[in-house]
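Visitor: Questions regarding the structure given below will be posed in turn.
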Amino acid sequence: MIRQRYLRRRSPSILIALVLVMWSTVAQTPPQSNKYSWLDGRCRWGSIAERVQPPTGYERPESVPGTLADWLRHLPLRAGKAPVRLYDGEERRVQGVHHAIIDIDIGDKNLQQCADAVIRLYAEYLYSLEEYGKIHFNFTSGDTAWFSNWLAGYRPVMDGNVVYWSKTVGVDTSYENFRRYLDVVFTYSGSYSLSQELQPVGDVRDMKIGDVFIQGGFPGHAVIVVDMAVNQATGNKVFLIAQSYMPAQDIHILKNIQDAGISPWYSTEFGDRLITPEWHFCKDDLMRF
């Protein structure tokens, strides 16, 4: 660990700052007009807000453009009732748990699983705002992987239980390089490390879009709140949750198998346990970036 701290003190902060400025300067498209970088100009089939209507009597509160809530609420969906596919292109064996599929790639490796899907969405949101210096996640070892280091050409080197960063390649500001960074994060992070980074919400009635139900473990699981609506007469709130699972698969919006009347929405008045099709969470498992 001494070696690791020493190398971090010598990190090239000036070079990284220059790279971030350069990337911001050469960007050709404002973040608001290119919010979902992975689409690469492909046709969209409607967003969550456009295609998933709240239960009767509920309305979506307005969300401010540029916020995480607005970004998640307008995530693009795949056309129709597409099946959930695994990273190798095969259909997932169990197809009855999802309401819709978020139109985002999963790569061709078994990496983007449950907590990784949460990491992917949050990182993509920051990337869409060009907030590159805010993109960082911890490995299970506790070491922090800063995207600013990565884009400057530094790569993690594993030396037993010690991780240090060494400059091995040139500066690369492409989106493809950002995805390679995420694949490394997916490899060395998981529900345990992510649960250590997030902050407890305390009361599910204070839930916000972007909050995460997470149980850190080996294995653990995580789902992310991607939309909310409120009943103005009663004040009751409902929410949508999305997940990936094991093996790596399409990120999908979950059905509510406990209450078909409001499915795929869930009420914040779910009691002590949030029962999803493939995992049970406690109300104290709600956390926030």
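Ordering of the structure tokens sets the chain letters (A, B, ...), residue numbers begin anew at 1 in every chain, and ligands are numbered from 1 in the order given.
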Pull the strand (DSSP E) assignments for segment 114-226 of chain A out of DSSP run on the backbone, and list those residues as number ranges by chain.
Guide: A: 136-138, 144-146, 154-159, 162-167, 199-200, 212-215, 221-226
Visitor: Would you output that residue set with N, CA and C atoms, as an mmCIF file, in the first residue's frame?
Guide:
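Saved as out.cif:
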data_model
loop_
_atom_site.group_PDB
_atom_site.id
_atom_site.type_symbol
_atom_site.label_atom_id
_atom_site.label_comp_id
_atom_site.auth_asym_id
_atom_site.auth_seq_id
_atom_site.Cartn_x
_atom_site.Cartn_y
_atom_site.Cartn_z
ATOM 1 N N HIS A 136 -15.692 8.091 -11.365
ATOM 2 C CA HIS A 136 -14.759 7.231 -10.637
ATOM 3 C C HIS A 136 -15.553 6.208 -9.842
ATOM 4 N N PHE A 137 -14.990 5.011 -9.735
ATOM 5 C CA PHE A 137 -15.622 3.929 -8.987
ATOM 6 C C PHE A 137 -14.536 3.124 -8.289
ATOM 7 N N ASN A 138 -14.896 2.525 -7.190
ATOM 8 C CA ASN A 138 -13.934 1.734 -6.427
ATOM 9 C C ASN A 138 -13.923 0.285 -6.888
ATOM 10 N N THR A 144 -9.453 3.220 -6.043
ATOM 11 C CA THR A 144 -10.340 4.031 -6.866
ATOM 12 C C THR A 144 -9.837 4.094 -8.300
ATOM 13 N N ALA A 145 -10.740 3.840 -9.241
ATOM 14 C CA ALA A 145 -10.423 3.929 -10.668
ATOM 15 C C ALA A 145 -11.007 5.231 -11.213
ATOM 16 N N TRP A 146 -10.147 6.220 -11.411
ATOM 17 C CA TRP A 146 -10.554 7.521 -11.931
ATOM 18 C C TRP A 146 -10.522 7.492 -13.457
ATOM 19 N N TYR A 154 -3.259 6.160 -18.425
ATOM 20 C CA TYR A 154 -2.824 5.340 -17.288
ATOM 21 C C TYR A 154 -3.730 4.124 -17.142
ATOM 22 N N ARG A 155 -3.132 2.987 -16.840
ATOM 23 C CA ARG A 155 -3.861 1.745 -16.704
ATOM 24 C C ARG A 155 -3.515 1.085 -15.375
ATOM 25 N N PRO A 156 -4.486 0.387 -14.758
ATOM 26 C CA PRO A 156 -4.214 -0.265 -13.474
ATOM 27 C C PRO A 156 -3.293 -1.469 -13.646
ATOM 28 N N VAL A 157 -2.366 -1.597 -12.740
ATOM 29 C CA VAL A 157 -1.455 -2.732 -12.713
ATOM 30 C C VAL A 157 -1.661 -3.441 -11.385
ATOM 31 N N MET A 158 -1.944 -4.734 -11.435
ATOM 32 C CA MET A 158 -2.194 -5.497 -10.226
ATOM 33 C C MET A 158 -0.890 -6.141 -9.753
ATOM 34 N N ASP A 159 -0.505 -5.849 -8.536
ATOM 35 C CA ASP A 159 0.700 -6.431 -7.935
ATOM 36 C C ASP A 159 0.289 -7.073 -6.615
ATOM 37 N N VAL A 162 -2.047 -5.100 -4.266
ATOM 38 C CA VAL A 162 -1.790 -3.679 -4.483
ATOM 39 C C VAL A 162 -2.108 -3.306 -5.927
ATOM 40 N N VAL A 163 -2.793 -2.179 -6.101
ATOM 41 C CA VAL A 163 -3.109 -1.672 -7.432
ATOM 42 C C VAL A 163 -2.427 -0.324 -7.598
ATOM 43 N N TYR A 164 -1.670 -0.177 -8.666
ATOM 44 C CA TYR A 164 -1.131 1.143 -8.980
ATOM 45 C C TYR A 164 -1.362 1.443 -10.443
ATOM 46 N N TRP A 165 -1.199 2.706 -10.832
ATOM 47 C CA TRP A 165 -1.504 3.144 -12.187
ATOM 48 C C TRP A 165 -0.218 3.504 -12.912
ATOM 49 N N SER A 166 -0.082 2.986 -14.098
ATOM 50 C CA SER A 166 1.118 3.216 -14.896
ATOM 51 C C SER A 166 0.715 3.708 -16.283
ATOM 52 N N LYS A 167 1.425 4.699 -16.794
ATOM 53 C CA LYS A 167 1.119 5.222 -18.128
ATOM 54 C C LYS A 167 1.667 4.250 -19.169
ATOM 55 N N GLN A 199 -24.473 6.304 -0.290
ATOM 56 C CA GLN A 199 -24.915 6.807 1.003
ATOM 57 C C GLN A 199 -26.346 6.349 1.292
ATOM 58 N N PRO A 200 -26.631 5.879 2.521
ATOM 59 C CA PRO A 200 -27.995 5.451 2.851
ATOM 60 C C PRO A 200 -28.994 6.595 2.718
ATOM 61 N N VAL A 212 -30.680 3.715 -5.505
ATOM 62 C CA VAL A 212 -30.339 2.320 -5.782
ATOM 63 C C VAL A 212 -30.711 1.448 -4.583
ATOM 64 N N PHE A 213 -31.446 0.381 -4.839
ATOM 65 C CA PHE A 213 -31.595 -0.673 -3.834
ATOM 66 C C PHE A 213 -30.432 -1.639 -4.048
ATOM 67 N N ILE A 214 -29.638 -1.841 -3.007
ATOM 68 C CA ILE A 214 -28.437 -2.647 -3.183
ATOM 69 C C ILE A 214 -28.129 -3.459 -1.938
ATOM 70 N N GLN A 215 -27.757 -4.705 -2.160
ATOM 71 C CA GLN A 215 -27.223 -5.573 -1.119
ATOM 72 C C GLN A 215 -25.850 -6.031 -1.593
ATOM 73 N N HIS A 221 -26.874 -7.972 -5.099
ATOM 74 C CA HIS A 221 -27.694 -7.516 -6.229
ATOM 75 C C HIS A 221 -27.973 -6.030 -6.073
ATOM 76 N N ALA A 222 -28.345 -5.391 -7.181
ATOM 77 C CA ALA A 222 -28.672 -3.972 -7.175
ATOM 78 C C ALA A 222 -29.666 -3.679 -8.286
ATOM 79 N N VAL A 223 -30.609 -2.806 -7.990
ATOM 80 C CA VAL A 223 -31.544 -2.286 -8.996
ATOM 81 C C VAL A 223 -31.562 -0.771 -8.840
ATOM 82 N N ILE A 224 -31.874 -0.059 -9.929
ATOM 83 C CA ILE A 224 -31.843 1.403 -9.892
ATOM 84 C C ILE A 224 -33.221 1.962 -10.204
ATOM 85 N N VAL A 225 -33.612 3.007 -9.476
ATOM 86 C CA VAL A 225 -34.886 3.697 -9.694
ATOM 87 C C VAL A 225 -34.738 4.590 -10.928
ATOM 88 N N VAL A 226 -35.539 4.324 -11.963
ATOM 89 C CA VAL A 226 -35.395 5.075 -13.213
ATOM 90 C C VAL A 226 -36.546 6.036 -13.467
#
Visitor: List every residue of segment 150-232 of chain A that DSSP, applied to the backbone of this structure, assigns to alpha helix (DSSP H), and report them as a VMD selection string.
Guide: chain A and resid 150 to 151 175 to 188 191 to 197
Visitor: Using only C-alpha atoms, please write the residues we just selected to a file, as a tab-separated table (two decimals), in the first residue's frame.
Guide:
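The resulting file, part-v6.tsv, is reproduced below:
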chain	number	residue	atom	x	y	z
A	150	TRP	CA	-7.63	6.34	-17.72
A	151	LEU	CA	-8.20	8.85	-20.52
A	175	TYR	CA	-16.21	6.99	-26.56
A	176	GLU	CA	-14.78	3.55	-27.30
A	177	ASN	CA	-12.03	4.22	-24.77
A	178	PHE	CA	-14.66	5.22	-22.21
A	179	ARG	CA	-16.35	1.85	-22.75
A	180	ARG	CA	-13.04	0.05	-22.28
A	181	TYR	CA	-12.65	1.88	-18.96
A	182	LEU	CA	-16.08	0.68	-17.88
A	183	ASP	CA	-15.25	-2.91	-18.78
A	184	VAL	CA	-12.27	-2.76	-16.44
A	185	VAL	CA	-14.47	-1.31	-13.70
A	186	PHE	CA	-17.01	-4.10	-14.25
A	187	THR	CA	-14.21	-6.65	-13.95
A	188	TYR	CA	-12.88	-5.44	-10.59
A	191	SER	CA	-22.26	-4.96	-5.52
A	192	TYR	CA	-19.99	-5.00	-2.48
A	193	SER	CA	-17.69	-2.19	-3.63
A	194	LEU	CA	-20.60	-0.09	-4.92
A	195	SER	CA	-22.51	-0.47	-1.66
A	196	GLN	CA	-19.47	0.95	0.16
A	197	GLU	CA	-19.51	4.05	-2.04
Visitor: Can you tell me, as a JSON list (two decimals) with C-alpha atoms, in the first residue's frame, what residues are no more than 12 Å from Asp259 of chain A when counting only C-alpha atoms, ignoring any on the same chain fewer than 4 positions away?
Guide:
[["chain", "number", "residue", "atom", "x", "y", "z"],
["A", 55, "PRO", "CA", -51.03, 4.17, -12.80],
["A", 238, "VAL", "CA", -44.67, 4.90, -7.14],
["A", 255, "LYS", "CA", -42.54, -6.08, -13.56],
["A", 263, "SER", "CA", -47.15, -3.13, -12.54],
["A", 264, "PRO", "CA", -44.49, -2.27, -13.63],
["A", 265, "TRP", "CA", -44.67, 0.43, -10.97],
["A", 266, "TYR", "CA", -43.94, -0.21, -7.28],
["A", 267, "SER", "CA", -45.38, 1.73, -4.36],
["A", 270, "PHE", "CA", -44.13, -1.69, 0.28],
["A", 274, "LEU", "CA", -39.28, -4.82, -1.54],
["A", 275, "ILE", "CA", -40.07, -8.02, -3.41],
["A", 276, "THR", "CA", -38.84, -8.03, -7.01],
["A", 277, "PRO", "CA", -39.09, -11.00, -9.37]]
Visitor: Between A:Leu129, A:Met246, A:Ala229, A:Leu121, which has the minimum distance to Gln53 of chain A (counting only C-alpha atoms)?
Guide: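 Closest residue, counting only C-alpha atoms: A:Ala229.
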Visitor: Provide the atom CA of Pro65 of chain A to atom CA of Gln232 of chain A distance in Å, to one decimal place.
Guide: 22.5 Å
Visitor: Find the spatial neighbours of Leu126 of chain A, counting only C-alpha atoms, within a cut-off of 12 Å - ignore same-chain residues fewer than 3 positions away - and output them as a PDB file with N, CA and C atoms, in the first residue's frame.
Guide:
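Full text of selection-v2.pdb as output:
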ATOM      1  N   PRO A  31     -23.808  18.457 -24.950  1.00  0.00           N
ATOM      2  CA  PRO A  31     -24.298  17.298 -24.215  1.00  0.00           C
ATOM      3  C   PRO A  31     -25.801  17.080 -24.333  1.00  0.00           C
ATOM      4  N   GLN A  32     -26.599  18.160 -24.341  1.00  0.00           N
ATOM      5  CA  GLN A  32     -28.037  18.014 -24.366  1.00  0.00           C
ATOM      6  C   GLN A  32     -28.539  17.379 -25.651  1.00  0.00           C
ATOM      7  N   LYS A  35     -27.234  13.036 -25.645  1.00  0.00           N
ATOM      8  CA  LYS A  35     -27.265  12.583 -24.268  1.00  0.00           C
ATOM      9  C   LYS A  35     -26.946  11.102 -24.114  1.00  0.00           C
ATOM     10  N   TYR A  36     -27.271  10.320 -25.152  1.00  0.00           N
ATOM     11  CA  TYR A  36     -27.139   8.871 -25.051  1.00  0.00           C
ATOM     12  C   TYR A  36     -26.135   8.413 -26.105  1.00  0.00           C
ATOM     13  N   SER A  37     -24.866   8.514 -25.731  1.00  0.00           N
ATOM     14  CA  SER A  37     -23.781   8.383 -26.696  1.00  0.00           C
ATOM     15  C   SER A  37     -23.762   7.042 -27.401  1.00  0.00           C
ATOM     16  N   GLY A  66     -31.106  17.982 -17.801  1.00  0.00           N
ATOM     17  CA  GLY A  66     -29.717  17.937 -17.370  1.00  0.00           C
ATOM     18  C   GLY A  66     -29.497  17.241 -16.051  1.00  0.00           C
ATOM     19  N   THR A  67     -30.584  16.955 -15.326  1.00  0.00           N
ATOM     20  CA  THR A  67     -30.450  16.249 -14.053  1.00  0.00           C
ATOM     21  C   THR A  67     -30.446  14.743 -14.292  1.00  0.00           C
ATOM     22  N   LEU A  68     -29.954  14.011 -13.301  1.00  0.00           N
ATOM     23  CA  LEU A  68     -29.957  12.563 -13.394  1.00  0.00           C
ATOM     24  C   LEU A  68     -31.379  12.037 -13.538  1.00  0.00           C
ATOM     25  N   TRP A  71     -32.525  12.505 -17.097  1.00  0.00           N
ATOM     26  CA  TRP A  71     -31.758  11.637 -18.002  1.00  0.00           C
ATOM     27  C   TRP A  71     -32.256  10.203 -17.925  1.00  0.00           C
ATOM     28  N   LEU A  72     -32.476   9.692 -16.709  1.00  0.00           N
ATOM     29  CA  LEU A  72     -32.952   8.314 -16.551  1.00  0.00           C
ATOM     30  C   LEU A  72     -34.385   8.167 -17.058  1.00  0.00           C
ATOM     31  N   ILE A 119     -23.664   1.096 -12.368  1.00  0.00           N
ATOM     32  CA  ILE A 119     -22.456   1.862 -12.651  1.00  0.00           C
ATOM     33  C   ILE A 119     -22.496   2.410 -14.072  1.00  0.00           C
ATOM     34  N   ARG A 120     -22.889   1.572 -15.022  1.00  0.00           N
ATOM     35  CA  ARG A 120     -22.935   1.987 -16.432  1.00  0.00           C
ATOM     36  C   ARG A 120     -23.839   3.195 -16.619  1.00  0.00           C
ATOM     37  N   LEU A 121     -25.035   3.137 -16.068  1.00  0.00           N
ATOM     38  CA  LEU A 121     -25.983   4.230 -16.269  1.00  0.00           C
ATOM     39  C   LEU A 121     -25.495   5.520 -15.619  1.00  0.00           C
ATOM     40  N   TYR A 122     -24.965   5.427 -14.411  1.00  0.00           N
ATOM     41  CA  TYR A 122     -24.497   6.638 -13.738  1.00  0.00           C
ATOM     42  C   TYR A 122     -23.292   7.225 -14.462  1.00  0.00           C
ATOM     43  N   ALA A 123     -22.373   6.371 -14.917  1.00  0.00           N
ATOM     44  CA  ALA A 123     -21.203   6.851 -15.643  1.00  0.00           C
ATOM     45  C   ALA A 123     -21.609   7.483 -16.969  1.00  0.00           C
ATOM     46  N   LEU A 129     -22.734  14.771 -19.733  1.00  0.00           N
ATOM     47  CA  LEU A 129     -22.539  16.160 -19.291  1.00  0.00           C
ATOM     48  C   LEU A 129     -21.093  16.613 -19.428  1.00  0.00           C
ATOM     49  N   GLU A 130     -20.221  15.705 -19.918  1.00  0.00           N
ATOM     50  CA  GLU A 130     -18.784  15.961 -20.015  1.00  0.00           C
ATOM     51  C   GLU A 130     -18.165  16.227 -18.636  1.00  0.00           C
ATOM     52  N   GLU A 131     -18.736  15.610 -17.614  1.00  0.00           N
ATOM     53  CA  GLU A 131     -18.207  15.706 -16.254  1.00  0.00           C
ATOM     54  C   GLU A 131     -17.212  14.570 -16.031  1.00  0.00           C
ATOM     55  N   TYR A 132     -16.167  14.536 -16.852  1.00  0.00           N
ATOM     56  CA  TYR A 132     -15.252  13.409 -16.855  1.00  0.00           C
ATOM     57  C   TYR A 132     -14.489  13.263 -15.538  1.00  0.00           C
ATOM     58  N   GLY A 133     -14.191  14.365 -14.887  1.00  0.00           N
ATOM     59  CA  GLY A 133     -13.459  14.310 -13.633  1.00  0.00           C
ATOM     60  C   GLY A 133     -14.263  13.743 -12.477  1.00  0.00           C
ATOM     61  N   LYS A 134     -15.589  13.625 -12.658  1.00  0.00           N
ATOM     62  CA  LYS A 134     -16.439  13.074 -11.604  1.00  0.00           C
ATOM     63  C   LYS A 134     -16.667  11.580 -11.770  1.00  0.00           C
ATOM     64  N   ILE A 135     -16.176  11.017 -12.857  1.00  0.00           N
ATOM     65  CA  ILE A 135     -16.398   9.595 -13.109  1.00  0.00           C
ATOM     66  C   ILE A 135     -15.314   8.785 -12.406  1.00  0.00           C
ATOM     67  N   HIS A 136     -15.692   8.091 -11.365  1.00  0.00           N
ATOM     68  CA  HIS A 136     -14.759   7.231 -10.637  1.00  0.00           C
ATOM     69  C   HIS A 136     -15.553   6.208  -9.842  1.00  0.00           C
ATOM     70  N   PHE A 147     -11.605   7.905 -14.083  1.00  0.00           N
ATOM     71  CA  PHE A 147     -11.634   7.973 -15.533  1.00  0.00           C
ATOM     72  C   PHE A 147     -10.634   8.999 -16.056  1.00  0.00           C
ATOM     73  N   PHE A 178     -13.804   5.138 -23.391  1.00  0.00           N
ATOM     74  CA  PHE A 178     -14.659   5.222 -22.213  1.00  0.00           C
ATOM     75  C   PHE A 178     -15.297   3.865 -21.905  1.00  0.00           C
ATOM     76  N   PHE A 289     -26.122   7.919  -4.857  1.00  0.00           N
ATOM     77  CA  PHE A 289     -24.807   8.417  -5.274  1.00  0.00           C
ATOM     78  C   PHE A 289     -24.549   9.772  -4.641  1.00  0.00           C
TER      79      PHE A 289
END
